[in-house]
Amino acid sequence: MIRFTKMHGLGNDFVVLDGLRQTLEPSPEWIRMLADRHFGIGCDQVLIVEQPRAQGTDFHYRIFNADGGEVGQCGNGARCFARFVRDQGLTDKDRIRVGTAAGVIELTLLADGRVHVDMGRPQFDPRRIPFLAQARANAYVLGLATGNLAIGVVGLGNPHAVTLVDDLDRAPIERLGPLIVAHQDFPEGVNAGFMQVLATDRARLRVFERGVGETLACGSGACAAVVCGRQWGLLGERVQIELPGGELTIEWPGGDTSIGMIGPATRVFDGELAS
Ligand SMILES: N[C@@H](CCC[C@H](N)C(=O)O)C(=O)O
């Protein structure tokens, strides 16, 4: 039997697994089965808690998309990770340092039950995102079969493309999302965000995620949207991002500073899976 916990961050849902007290062999086929909403448990991402690998960290955090691919970042998952390791008695710390495939992030359990994630500094160097562009820019033009699209591109431990729209309810996300995610200029794929700015401290966002499709919320996507919005002179330092599943607070002073995200983490149920 494999023990798991079903959790979500604003409807971006996860199967969370303790890889410290049980032996796991997360093949892509097994991850796809867990994530399957008909033949498995159902989730957008599978998250695994492992022994720390980097010095000065408490745990290692592995993230798998529903398609079985392993990735470097999941912001909503990071909040659930913090809640999980505390609720399972794996730590008694309020501030937890976690290594990921993309670097170290810091999670802080707040007194009101929400979690703050220090997501690290945004990456703008196209080669390191990775994105095929000659030089760094605040905006790029992406050639799609449907025409040219203006995007911002930023790495948050995973790649993001952000498009500004006038009306999020009318944006052709189902049509453009798959084209952006699979575009040849993103050798490892990309998460495609669509943002409508409402004020300097408030925006709406929908994200078509790499390896999943559209989700109810994307934490790293919300950070990417604020970074791009600030670079375009549209957003301030502290922004409320409205996603289909609820709201996140994103803080980014700009420049070479790290980006902060505050939001909820919810445990839905615990279960056992016949392995
Ligand atoms: N939902 C996540 C992002 C998960 C990974 C993403 N789909 C990728 O492939 O990079 C979030 O909350 O950040």
# chains A, B, ... in the order shown; residues from 1 in each chain; ligands from 1
call {"tool": "select_by_dssp", "arguments": {"residues": "segment 61-139 of chain A", "states": "helix (DSSP H, G or I)", "output": "PDB file with N, CA and C atoms, in the first residue's frame"}}
result
ATOM      1  N   GLY A  75       4.536  26.472  -7.625  1.00  0.00           N
ATOM      2  CA  GLY A  75       4.317  27.404  -6.516  1.00  0.00           C
ATOM      3  C   GLY A  75       3.168  26.989  -5.613  1.00  0.00           C
ATOM      4  N   ASN A  76       2.020  26.631  -6.199  1.00  0.00           N
ATOM      5  CA  ASN A  76       0.894  26.182  -5.367  1.00  0.00           C
ATOM      6  C   ASN A  76       1.276  24.901  -4.623  1.00  0.00           C
ATOM      7  N   GLY A  77       2.021  24.049  -5.308  1.00  0.00           N
ATOM      8  CA  GLY A  77       2.472  22.802  -4.686  1.00  0.00           C
ATOM      9  C   GLY A  77       3.405  23.075  -3.525  1.00  0.00           C
ATOM     10  N   ALA A  78       4.231  24.115  -3.642  1.00  0.00           N
ATOM     11  CA  ALA A  78       5.184  24.444  -2.570  1.00  0.00           C
ATOM     12  C   ALA A  78       4.436  24.766  -1.274  1.00  0.00           C
ATOM     13  N   ARG A  79       3.318  25.487  -1.401  1.00  0.00           N
ATOM     14  CA  ARG A  79       2.537  25.798  -0.188  1.00  0.00           C
ATOM     15  C   ARG A  79       1.967  24.509   0.418  1.00  0.00           C
ATOM     16  N   CYS A  80       1.467  23.612  -0.450  1.00  0.00           N
ATOM     17  CA  CYS A  80       0.920  22.337   0.047  1.00  0.00           C
ATOM     18  C   CYS A  80       2.030  21.477   0.649  1.00  0.00           C
ATOM     19  N   PHE A  81       3.222  21.533   0.055  1.00  0.00           N
ATOM     20  CA  PHE A  81       4.377  20.787   0.573  1.00  0.00           C
ATOM     21  C   PHE A  81       4.644  21.195   2.026  1.00  0.00           C
ATOM     22  N   ALA A  82       4.636  22.513   2.282  1.00  0.00           N
ATOM     23  CA  ALA A  82       4.898  23.021   3.638  1.00  0.00           C
ATOM     24  C   ALA A  82       3.849  22.517   4.624  1.00  0.00           C
ATOM     25  N   ARG A  83       2.579  22.629   4.216  1.00  0.00           N
ATOM     26  CA  ARG A  83       1.466  22.161   5.068  1.00  0.00           C
ATOM     27  C   ARG A  83       1.605  20.661   5.340  1.00  0.00           C
ATOM     28  N   PHE A  84       1.963  19.897   4.294  1.00  0.00           N
ATOM     29  CA  PHE A  84       2.063  18.431   4.397  1.00  0.00           C
ATOM     30  C   PHE A  84       3.161  18.022   5.379  1.00  0.00           C
ATOM     31  N   VAL A  85       4.372  18.587   5.234  1.00  0.00           N
ATOM     32  CA  VAL A  85       5.464  18.131   6.107  1.00  0.00           C
ATOM     33  C   VAL A  85       5.196  18.503   7.563  1.00  0.00           C
ATOM     34  N   ARG A  86       4.475  19.590   7.810  1.00  0.00           N
ATOM     35  CA  ARG A  86       4.100  19.939   9.184  1.00  0.00           C
ATOM     36  C   ARG A  86       3.008  19.013   9.698  1.00  0.00           C
ATOM     37  N   ASP A  87       1.939  18.817   8.904  1.00  0.00           N
ATOM     38  CA  ASP A  87       0.810  17.995   9.362  1.00  0.00           C
ATOM     39  C   ASP A  87       1.219  16.539   9.580  1.00  0.00           C
ATOM     40  N   PRO A 126      17.480  34.335 -21.761  1.00  0.00           N
ATOM     41  CA  PRO A 126      16.741  33.366 -22.579  1.00  0.00           C
ATOM     42  C   PRO A 126      17.366  31.968 -22.573  1.00  0.00           C
ATOM     43  N   ARG A 127      18.714  31.907 -22.569  1.00  0.00           N
ATOM     44  CA  ARG A 127      19.360  30.580 -22.626  1.00  0.00           C
ATOM     45  C   ARG A 127      19.056  29.750 -21.394  1.00  0.00           C
ATOM     46  N   ARG A 128      18.832  30.430 -20.276  1.00  0.00           N
ATOM     47  CA  ARG A 128      18.646  29.679 -19.028  1.00  0.00           C
ATOM     48  C   ARG A 128      17.175  29.399 -18.730  1.00  0.00           C
TER      49      ARG A 128
END
call {"tool": "residues_around", "arguments": {"residues": "Glu106 of chain A", "least_positions_apart": "2", "cutoff": "10 Å", "atoms": "only C-alpha atoms", "output": "compact mmCIF listing (two decimals) with N, CA and C atoms, in the first residue's frame"}}
result
# COMPACT_ATOMS: atom_id res chain seq x y z
N THR A 57 19.32 22.62 3.46
CA THR A 57 17.90 22.42 3.17
C THR A 57 17.33 21.34 4.09
N ASP A 58 16.01 21.39 4.28
CA ASP A 58 15.34 20.43 5.17
C ASP A 58 14.81 19.22 4.41
N ALA A 78 4.23 24.11 -3.64
CA ALA A 78 5.18 24.44 -2.57
C ALA A 78 4.44 24.77 -1.27
N ALA A 82 4.64 22.51 2.28
CA ALA A 82 4.90 23.02 3.64
C ALA A 82 3.85 22.52 4.62
N ARG A 95 9.63 27.72 9.30
CA ARG A 95 10.35 28.17 8.10
C ARG A 95 11.16 26.98 7.58
N ILE A 96 10.86 26.59 6.35
CA ILE A 96 11.41 25.34 5.81
C ILE A 96 12.16 25.66 4.52
N ARG A 97 13.39 25.17 4.44
CA ARG A 97 14.16 25.36 3.20
C ARG A 97 14.13 24.06 2.40
N VAL A 98 13.76 24.19 1.14
CA VAL A 98 13.47 23.02 0.31
C VAL A 98 14.28 23.11 -0.98
N GLY A 99 14.97 22.03 -1.33
CA GLY A 99 15.68 21.98 -2.61
C GLY A 99 14.76 21.42 -3.68
N VAL A 104 16.84 26.35 -4.62
CA VAL A 104 16.28 26.29 -3.25
C VAL A 104 15.19 27.35 -3.09
N THR A 108 7.30 29.52 4.40
CA THR A 108 7.01 29.97 5.77
C THR A 108 5.53 29.78 6.07
N HIS A 116 3.68 31.46 2.96
CA HIS A 116 4.48 32.38 2.13
C HIS A 116 5.59 31.56 1.47
N VAL A 117 5.76 31.75 0.18
CA VAL A 117 6.86 31.07 -0.53
C VAL A 117 7.80 32.12 -1.10
N ASP A 118 9.07 32.02 -0.71
CA ASP A 118 10.10 32.83 -1.37
C ASP A 118 10.53 32.03 -2.59
N MET A 119 10.11 32.50 -3.76
CA MET A 119 10.30 31.75 -5.00
C MET A 119 11.67 31.97 -5.63
N GLY A 120 12.50 32.81 -5.01
CA GLY A 120 13.82 33.09 -5.60
C GLY A 120 13.72 34.21 -6.63
N GLY A 260 7.92 36.97 -3.80
CA GLY A 260 7.18 36.30 -2.74
C GLY A 260 5.74 36.02 -3.14
call {"tool": "residues_around", "arguments": {"residues": "Gly193 of chain A", "least_positions_apart": "5", "cutoff": "7 Å", "atoms": "only C-alpha atoms", "output": "number ranges by chain"}}
result
A: 161-163, 205-208, 221
call {"tool": "atom_distance", "arguments": {"atom1": "atom CA of Trp232 of chain A", "atom2": "atom CA of Gly152 of chain A"}}
result
9.0 Å
call {"tool": "residues_near_ligand", "arguments": {"ligand": "ligand 1", "cutoff": "8 Å", "atoms": "only C-alpha atoms and all ligand atoms", "output": "PyMOL selection string"}}
result
chain A and resi 9+12+44-45+63-65+69-78+157-160+189-191+209-212+215+217-222
call {"tool": "write_last_selection", "arguments": {"atoms": "N, CA and C atoms", "output": "compact mmCIF listing (two decimals), in the first residue's frame"}}
result
# COMPACT_ATOMS: atom_id res chain seq x y z
N GLY A 9 -4.11 23.86 -3.91
CA GLY A 9 -3.85 25.28 -3.70
C GLY A 9 -4.71 26.03 -4.69
N ASN A 12 -5.73 24.07 -7.85
CA ASN A 12 -4.61 23.39 -8.54
C ASN A 12 -4.31 22.19 -7.62
N ASP A 44 -3.42 17.54 -10.91
CA ASP A 44 -2.63 18.26 -11.92
C ASP A 44 -1.15 17.90 -11.78
N GLN A 45 -0.69 17.76 -10.54
CA GLN A 45 0.72 17.42 -10.28
C GLN A 45 0.83 16.41 -9.15
N ILE A 63 8.59 17.32 -8.31
CA ILE A 63 7.32 17.74 -8.92
C ILE A 63 7.16 17.04 -10.26
N PHE A 64 6.00 16.41 -10.46
CA PHE A 64 5.71 15.75 -11.72
C PHE A 64 4.39 16.28 -12.26
N ASN A 65 4.38 16.67 -13.53
CA ASN A 65 3.12 17.04 -14.18
C ASN A 65 2.27 15.80 -14.43
N GLY A 69 5.96 14.04 -16.78
CA GLY A 69 7.24 14.75 -16.88
C GLY A 69 7.63 15.40 -15.55
N GLU A 70 8.91 15.31 -15.19
CA GLU A 70 9.39 15.95 -13.96
C GLU A 70 9.82 17.39 -14.27
N VAL A 71 9.44 18.34 -13.40
CA VAL A 71 9.72 19.75 -13.63
C VAL A 71 10.36 20.37 -12.39
N GLY A 72 10.77 21.65 -12.52
CA GLY A 72 11.57 22.28 -11.47
C GLY A 72 10.83 23.15 -10.50
N GLN A 73 9.58 23.47 -10.77
CA GLN A 73 8.91 24.42 -9.89
C GLN A 73 7.40 24.18 -9.89
N CYS A 74 6.78 24.38 -8.75
CA CYS A 74 5.32 24.42 -8.65
C CYS A 74 4.99 25.25 -7.42
N GLY A 75 4.54 26.47 -7.62
CA GLY A 75 4.32 27.40 -6.52
C GLY A 75 3.17 26.99 -5.61
N ASN A 76 2.02 26.63 -6.20
CA ASN A 76 0.89 26.18 -5.37
C ASN A 76 1.28 24.90 -4.62
N GLY A 77 2.02 24.05 -5.31
CA GLY A 77 2.47 22.80 -4.69
C GLY A 77 3.41 23.08 -3.52
N ALA A 78 4.23 24.11 -3.64
CA ALA A 78 5.18 24.44 -2.57
C ALA A 78 4.44 24.77 -1.27
N GLY A 157 12.14 29.01 -12.19
CA GLY A 157 12.46 27.60 -11.90
C GLY A 157 11.74 26.73 -12.92
N ASN A 158 10.83 27.31 -13.63
CA ASN A 158 10.15 26.72 -14.79
C ASN A 158 9.83 27.85 -15.77
N PRO A 159 9.64 27.53 -17.05
CA PRO A 159 9.48 28.58 -18.05
C PRO A 159 8.04 29.10 -18.17
N HIS A 160 7.92 30.41 -18.34
CA HIS A 160 6.60 31.04 -18.48
C HIS A 160 6.58 32.05 -19.62
N GLY A 189 9.32 23.31 -23.69
CA GLY A 189 7.92 23.69 -23.47
C GLY A 189 7.84 24.91 -22.59
N VAL A 190 6.62 25.39 -22.33
CA VAL A 190 6.44 26.60 -21.54
C VAL A 190 5.03 26.58 -20.95
N ASN A 191 4.84 27.31 -19.88
CA ASN A 191 3.50 27.52 -19.31
C ASN A 191 2.97 28.84 -19.88
N GLU A 209 -1.17 25.22 -18.55
CA GLU A 209 0.10 24.69 -18.06
C GLU A 209 0.69 23.61 -18.96
N ARG A 210 2.00 23.67 -19.09
CA ARG A 210 2.76 22.59 -19.72
C ARG A 210 2.48 21.27 -18.99
N GLY A 211 2.24 20.22 -19.72
CA GLY A 211 2.10 18.90 -19.11
C GLY A 211 0.78 18.65 -18.43
N VAL A 212 -0.16 19.60 -18.53
CA VAL A 212 -1.45 19.44 -17.83
C VAL A 212 -2.62 19.96 -18.67
N THR A 215 -5.29 24.99 -15.73
CA THR A 215 -5.55 24.63 -14.34
C THR A 215 -6.34 25.76 -13.67
N ALA A 217 -5.47 27.31 -11.06
CA ALA A 217 -4.52 28.31 -10.54
C ALA A 217 -3.11 27.83 -10.82
N CYS A 218 -2.19 28.78 -11.00
CA CYS A 218 -0.77 28.43 -11.19
C CYS A 218 0.04 29.46 -10.41
N GLY A 219 0.70 29.00 -9.35
CA GLY A 219 1.44 29.93 -8.48
C GLY A 219 2.64 30.54 -9.18
N SER A 220 3.44 29.71 -9.85
CA SER A 220 4.60 30.27 -10.56
C SER A 220 4.12 31.14 -11.71
N GLY A 221 2.98 30.78 -12.32
CA GLY A 221 2.40 31.60 -13.40
C GLY A 221 1.98 32.96 -12.88
N ALA A 222 1.45 33.01 -11.65
CA ALA A 222 1.04 34.30 -11.05
C ALA A 222 2.28 35.17 -10.82
call {"tool": "closest_residue", "arguments": {"among": "A:Asp256, A:Asp201, A:Asp92, A:Glu272", "to": "Gln240 of chain A", "atoms": "only C-alpha atoms"}}
result
A:Asp201
call {"tool": "select_by_dssp", "arguments": {"residues": "segment 90-256 of chain A", "states": "strand (DSSP E)", "output": "ChimeraX atom specification"}}
result
/A:95-100,103-109,115-118,140-144,147-155,159-164,191-199,202-209,213-215,238-243,246-251
call {"tool": "residues_around", "arguments": {"residues": "Ala139 of chain A", "least_positions_apart": "3", "cutoff": "9 Å", "atoms": "only C-alpha atoms", "output": "PDB file with N, CA and C atoms, in the first residue's frame"}}
result
ATOM      1  N   ARG A 136      18.080  39.217 -24.342  1.00  0.00           N
ATOM      2  CA  ARG A 136      17.014  39.468 -23.372  1.00  0.00           C
ATOM      3  C   ARG A 136      16.200  40.698 -23.767  1.00  0.00           C
ATOM      4  N   ALA A 150       2.439  38.974 -28.941  1.00  0.00           N
ATOM      5  CA  ALA A 150       3.419  39.625 -28.061  1.00  0.00           C
ATOM      6  C   ALA A 150       3.410  38.921 -26.711  1.00  0.00           C
ATOM      7  N   ILE A 151       4.594  38.545 -26.244  1.00  0.00           N
ATOM      8  CA  ILE A 151       4.685  37.833 -24.954  1.00  0.00           C
ATOM      9  C   ILE A 151       5.836  38.387 -24.118  1.00  0.00           C
ATOM     10  N   GLY A 152       5.710  38.201 -22.810  1.00  0.00           N
ATOM     11  CA  GLY A 152       6.844  38.360 -21.911  1.00  0.00           C
ATOM     12  C   GLY A 152       7.303  36.952 -21.568  1.00  0.00           C
ATOM     13  N   VAL A 153       8.605  36.774 -21.341  1.00  0.00           N
ATOM     14  CA  VAL A 153       9.121  35.432 -21.028  1.00  0.00           C
ATOM     15  C   VAL A 153       9.998  35.521 -19.788  1.00  0.00           C
ATOM     16  N   CYS A 228       6.270  40.216 -15.388  1.00  0.00           N
ATOM     17  CA  CYS A 228       6.090  40.821 -16.723  1.00  0.00           C
ATOM     18  C   CYS A 228       5.305  42.128 -16.609  1.00  0.00           C
ATOM     19  N   TRP A 232       6.489  45.894 -17.765  1.00  0.00           N
ATOM     20  CA  TRP A 232       5.737  46.672 -18.754  1.00  0.00           C
ATOM     21  C   TRP A 232       5.170  47.964 -18.147  1.00  0.00           C
TER      22      TRP A 232
END
call {"tool": "residues_around", "arguments": {"residues": "Phe269 of chain A", "least_positions_apart": "3", "cutoff": "10 Å", "atoms": "only C-alpha atoms", "output": "JSON, numbers by chain"}}
result
{"A": [4, 5, 6, 7, 15, 266]}
call {"tool": "write_last_selection", "arguments": {"atoms": "N, CA and C atoms", "output": "PDB file, in the first residue's frame"}}
result
ATOM      1  N   PHE A   4      -1.043   8.287   0.561  1.00  0.00           N
ATOM      2  CA  PHE A   4      -0.963   9.585  -0.126  1.00  0.00           C
ATOM      3  C   PHE A   4      -1.908  10.573   0.550  1.00  0.00           C
ATOM      4  N   THR A   5      -1.712  11.834   0.253  1.00  0.00           N
ATOM      5  CA  THR A   5      -2.646  12.884   0.688  1.00  0.00           C
ATOM      6  C   THR A   5      -3.047  13.691  -0.537  1.00  0.00           C
ATOM      7  N   LYS A   6      -4.358  13.886  -0.687  1.00  0.00           N
ATOM      8  CA  LYS A   6      -4.856  14.743  -1.775  1.00  0.00           C
ATOM      9  C   LYS A   6      -4.944  16.165  -1.223  1.00  0.00           C
ATOM     10  N   MET A   7      -4.337  17.122  -1.924  1.00  0.00           N
ATOM     11  CA  MET A   7      -4.339  18.516  -1.473  1.00  0.00           C
ATOM     12  C   MET A   7      -4.631  19.429  -2.659  1.00  0.00           C
ATOM     13  N   VAL A  15      -1.485  15.144  -5.710  1.00  0.00           N
ATOM     14  CA  VAL A  15      -1.299  13.937  -4.901  1.00  0.00           C
ATOM     15  C   VAL A  15       0.073  14.106  -4.253  1.00  0.00           C
ATOM     16  N   THR A 266      -4.585  23.529   1.092  1.00  0.00           N
ATOM     17  CA  THR A 266      -5.716  22.790   1.678  1.00  0.00           C
ATOM     18  C   THR A 266      -5.539  21.283   1.538  1.00  0.00           C
TER      19      THR A 266
END
call {"tool": "closest_residue", "arguments": {"among": "A:Lys93, A:His183, A:His8, A:Arg121", "to": "Ala265 of chain A", "atoms": "only C-alpha atoms"}}
result
A:His8
call {"tool": "atom_distance", "arguments": {"atom1": "atom CA of Thr249 of chain A", "atom2": "atom CA of Pro178 of chain A"}}
result
27.1 Å
call {"tool": "decode", "arguments": {"residues": "segment 176-208 of chain A", "atoms": "N, CA and C atoms", "output": "PDB file, in the first residue's frame"}}
result
ATOM      1  N   LEU A 176      -5.097  29.133 -28.241  1.00  0.00           N
ATOM      2  CA  LEU A 176      -3.700  29.584 -28.231  1.00  0.00           C
ATOM      3  C   LEU A 176      -2.820  28.811 -27.235  1.00  0.00           C
ATOM      4  N   GLY A 177      -3.417  28.386 -26.117  1.00  0.00           N
ATOM      5  CA  GLY A 177      -2.641  27.711 -25.065  1.00  0.00           C
ATOM      6  C   GLY A 177      -1.786  26.564 -25.608  1.00  0.00           C
ATOM      7  N   PRO A 178      -2.393  25.589 -26.299  1.00  0.00           N
ATOM      8  CA  PRO A 178      -1.604  24.450 -26.789  1.00  0.00           C
ATOM      9  C   PRO A 178      -0.536  24.873 -27.803  1.00  0.00           C
ATOM     10  N   LEU A 179      -0.793  25.922 -28.589  1.00  0.00           N
ATOM     11  CA  LEU A 179       0.185  26.370 -29.590  1.00  0.00           C
ATOM     12  C   LEU A 179       1.409  26.996 -28.916  1.00  0.00           C
ATOM     13  N   ILE A 180       1.166  27.779 -27.861  1.00  0.00           N
ATOM     14  CA  ILE A 180       2.277  28.429 -27.139  1.00  0.00           C
ATOM     15  C   ILE A 180       3.100  27.373 -26.381  1.00  0.00           C
ATOM     16  N   VAL A 181       2.386  26.499 -25.658  1.00  0.00           N
ATOM     17  CA  VAL A 181       3.057  25.480 -24.835  1.00  0.00           C
ATOM     18  C   VAL A 181       4.027  24.638 -25.667  1.00  0.00           C
ATOM     19  N   ALA A 182       3.621  24.309 -26.904  1.00  0.00           N
ATOM     20  CA  ALA A 182       4.430  23.415 -27.748  1.00  0.00           C
ATOM     21  C   ALA A 182       5.280  24.179 -28.767  1.00  0.00           C
ATOM     22  N   HIS A 183       5.404  25.509 -28.632  1.00  0.00           N
ATOM     23  CA  HIS A 183       6.116  26.291 -29.650  1.00  0.00           C
ATOM     24  C   HIS A 183       7.602  25.912 -29.695  1.00  0.00           C
ATOM     25  N   GLN A 184       8.141  25.843 -30.924  1.00  0.00           N
ATOM     26  CA  GLN A 184       9.534  25.389 -31.120  1.00  0.00           C
ATOM     27  C   GLN A 184      10.564  26.303 -30.453  1.00  0.00           C
ATOM     28  N   ASP A 185      10.203  27.559 -30.165  1.00  0.00           N
ATOM     29  CA  ASP A 185      11.161  28.462 -29.521  1.00  0.00           C
ATOM     30  C   ASP A 185      11.344  28.161 -28.031  1.00  0.00           C
ATOM     31  N   PHE A 186      10.509  27.264 -27.497  1.00  0.00           N
ATOM     32  CA  PHE A 186      10.671  26.822 -26.106  1.00  0.00           C
ATOM     33  C   PHE A 186      11.066  25.347 -26.133  1.00  0.00           C
ATOM     34  N   PRO A 187      12.377  25.055 -26.138  1.00  0.00           N
ATOM     35  CA  PRO A 187      12.846  23.672 -26.310  1.00  0.00           C
ATOM     36  C   PRO A 187      12.322  22.718 -25.238  1.00  0.00           C
ATOM     37  N   GLU A 188      12.010  23.227 -24.046  1.00  0.00           N
ATOM     38  CA  GLU A 188      11.475  22.356 -22.979  1.00  0.00           C
ATOM     39  C   GLU A 188      10.002  22.643 -22.713  1.00  0.00           C
ATOM     40  N   GLY A 189       9.319  23.308 -23.687  1.00  0.00           N
ATOM     41  CA  GLY A 189       7.923  23.687 -23.473  1.00  0.00           C
ATOM     42  C   GLY A 189       7.841  24.914 -22.590  1.00  0.00           C
ATOM     43  N   VAL A 190       6.619  25.385 -22.333  1.00  0.00           N
ATOM     44  CA  VAL A 190       6.440  26.600 -21.542  1.00  0.00           C
ATOM     45  C   VAL A 190       5.028  26.581 -20.949  1.00  0.00           C
ATOM     46  N   ASN A 191       4.841  27.314 -19.878  1.00  0.00           N
ATOM     47  CA  ASN A 191       3.504  27.519 -19.314  1.00  0.00           C
ATOM     48  C   ASN A 191       2.974  28.837 -19.881  1.00  0.00           C
ATOM     49  N   ALA A 192       1.746  28.819 -20.380  1.00  0.00           N
ATOM     50  CA  ALA A 192       1.219  29.987 -21.102  1.00  0.00           C
ATOM     51  C   ALA A 192       0.187  30.722 -20.244  1.00  0.00           C
ATOM     52  N   GLY A 193       0.547  31.942 -19.805  1.00  0.00           N
ATOM     53  CA  GLY A 193      -0.349  32.745 -18.972  1.00  0.00           C
ATOM     54  C   GLY A 193      -1.031  33.838 -19.783  1.00  0.00           C
ATOM     55  N   PHE A 194      -2.287  34.116 -19.445  1.00  0.00           N
ATOM     56  CA  PHE A 194      -3.075  35.173 -20.103  1.00  0.00           C
ATOM     57  C   PHE A 194      -3.538  36.105 -18.999  1.00  0.00           C
ATOM     58  N   MET A 195      -3.090  37.368 -19.052  1.00  0.00           N
ATOM     59  CA  MET A 195      -3.347  38.297 -17.946  1.00  0.00           C
ATOM     60  C   MET A 195      -4.146  39.505 -18.408  1.00  0.00           C
ATOM     61  N   GLN A 196      -5.160  39.843 -17.606  1.00  0.00           N
ATOM     62  CA  GLN A 196      -5.918  41.093 -17.791  1.00  0.00           C
ATOM     63  C   GLN A 196      -5.606  41.974 -16.580  1.00  0.00           C
ATOM     64  N   VAL A 197      -5.004  43.127 -16.810  1.00  0.00           N
ATOM     65  CA  VAL A 197      -4.669  44.030 -15.705  1.00  0.00           C
ATOM     66  C   VAL A 197      -5.897  44.872 -15.367  1.00  0.00           C
ATOM     67  N   LEU A 198      -6.281  44.894 -14.079  1.00  0.00           N
ATOM     68  CA  LEU A 198      -7.454  45.666 -13.641  1.00  0.00           C
ATOM     69  C   LEU A 198      -7.037  46.992 -13.003  1.00  0.00           C
ATOM     70  N   ALA A 199      -5.892  46.981 -12.309  1.00  0.00           N
ATOM     71  CA  ALA A 199      -5.347  48.177 -11.648  1.00  0.00           C
ATOM     72  C   ALA A 199      -3.885  47.873 -11.375  1.00  0.00           C
ATOM     73  N   THR A 200      -3.123  48.830 -10.823  1.00  0.00           N
ATOM     74  CA  THR A 200      -1.698  48.540 -10.596  1.00  0.00           C
ATOM     75  C   THR A 200      -1.504  47.483  -9.501  1.00  0.00           C
ATOM     76  N   ASP A 201      -2.541  47.246  -8.703  1.00  0.00           N
ATOM     77  CA  ASP A 201      -2.408  46.245  -7.642  1.00  0.00           C
ATOM     78  C   ASP A 201      -3.368  45.062  -7.814  1.00  0.00           C
ATOM     79  N   ARG A 202      -3.922  44.885  -8.999  1.00  0.00           N
ATOM     80  CA  ARG A 202      -4.871  43.786  -9.193  1.00  0.00           C
ATOM     81  C   ARG A 202      -4.920  43.353 -10.662  1.00  0.00           C
ATOM     82  N   ALA A 203      -4.876  42.018 -10.878  1.00  0.00           N
ATOM     83  CA  ALA A 203      -4.971  41.502 -12.247  1.00  0.00           C
ATOM     84  C   ALA A 203      -5.687  40.154 -12.219  1.00  0.00           C
ATOM     85  N   ARG A 204      -6.245  39.794 -13.361  1.00  0.00           N
ATOM     86  CA  ARG A 204      -6.859  38.471 -13.520  1.00  0.00           C
ATOM     87  C   ARG A 204      -5.919  37.619 -14.371  1.00  0.00           C
ATOM     88  N   LEU A 205      -5.906  36.302 -14.102  1.00  0.00           N
ATOM     89  CA  LEU A 205      -4.962  35.434 -14.819  1.00  0.00           C
ATOM     90  C   LEU A 205      -5.550  34.048 -15.033  1.00  0.00           C
ATOM     91  N   ARG A 206      -5.352  33.526 -16.237  1.00  0.00           N
ATOM     92  CA  ARG A 206      -5.609  32.101 -16.496  1.00  0.00           C
ATOM     93  C   ARG A 206      -4.332  31.514 -17.080  1.00  0.00           C
ATOM     94  N   VAL A 207      -4.020  30.273 -16.705  1.00  0.00           N
ATOM     95  CA  VAL A 207      -2.772  29.665 -17.174  1.00  0.00           C
ATOM     96  C   VAL A 207      -3.045  28.309 -17.801  1.00  0.00           C
ATOM     97  N   PHE A 208      -2.546  28.161 -19.034  1.00  0.00           N
ATOM     98  CA  PHE A 208      -2.550  26.863 -19.706  1.00  0.00           C
ATOM     99  C   PHE A 208      -1.178  26.252 -19.418  1.00  0.00           C
TER     100      PHE A 208
END
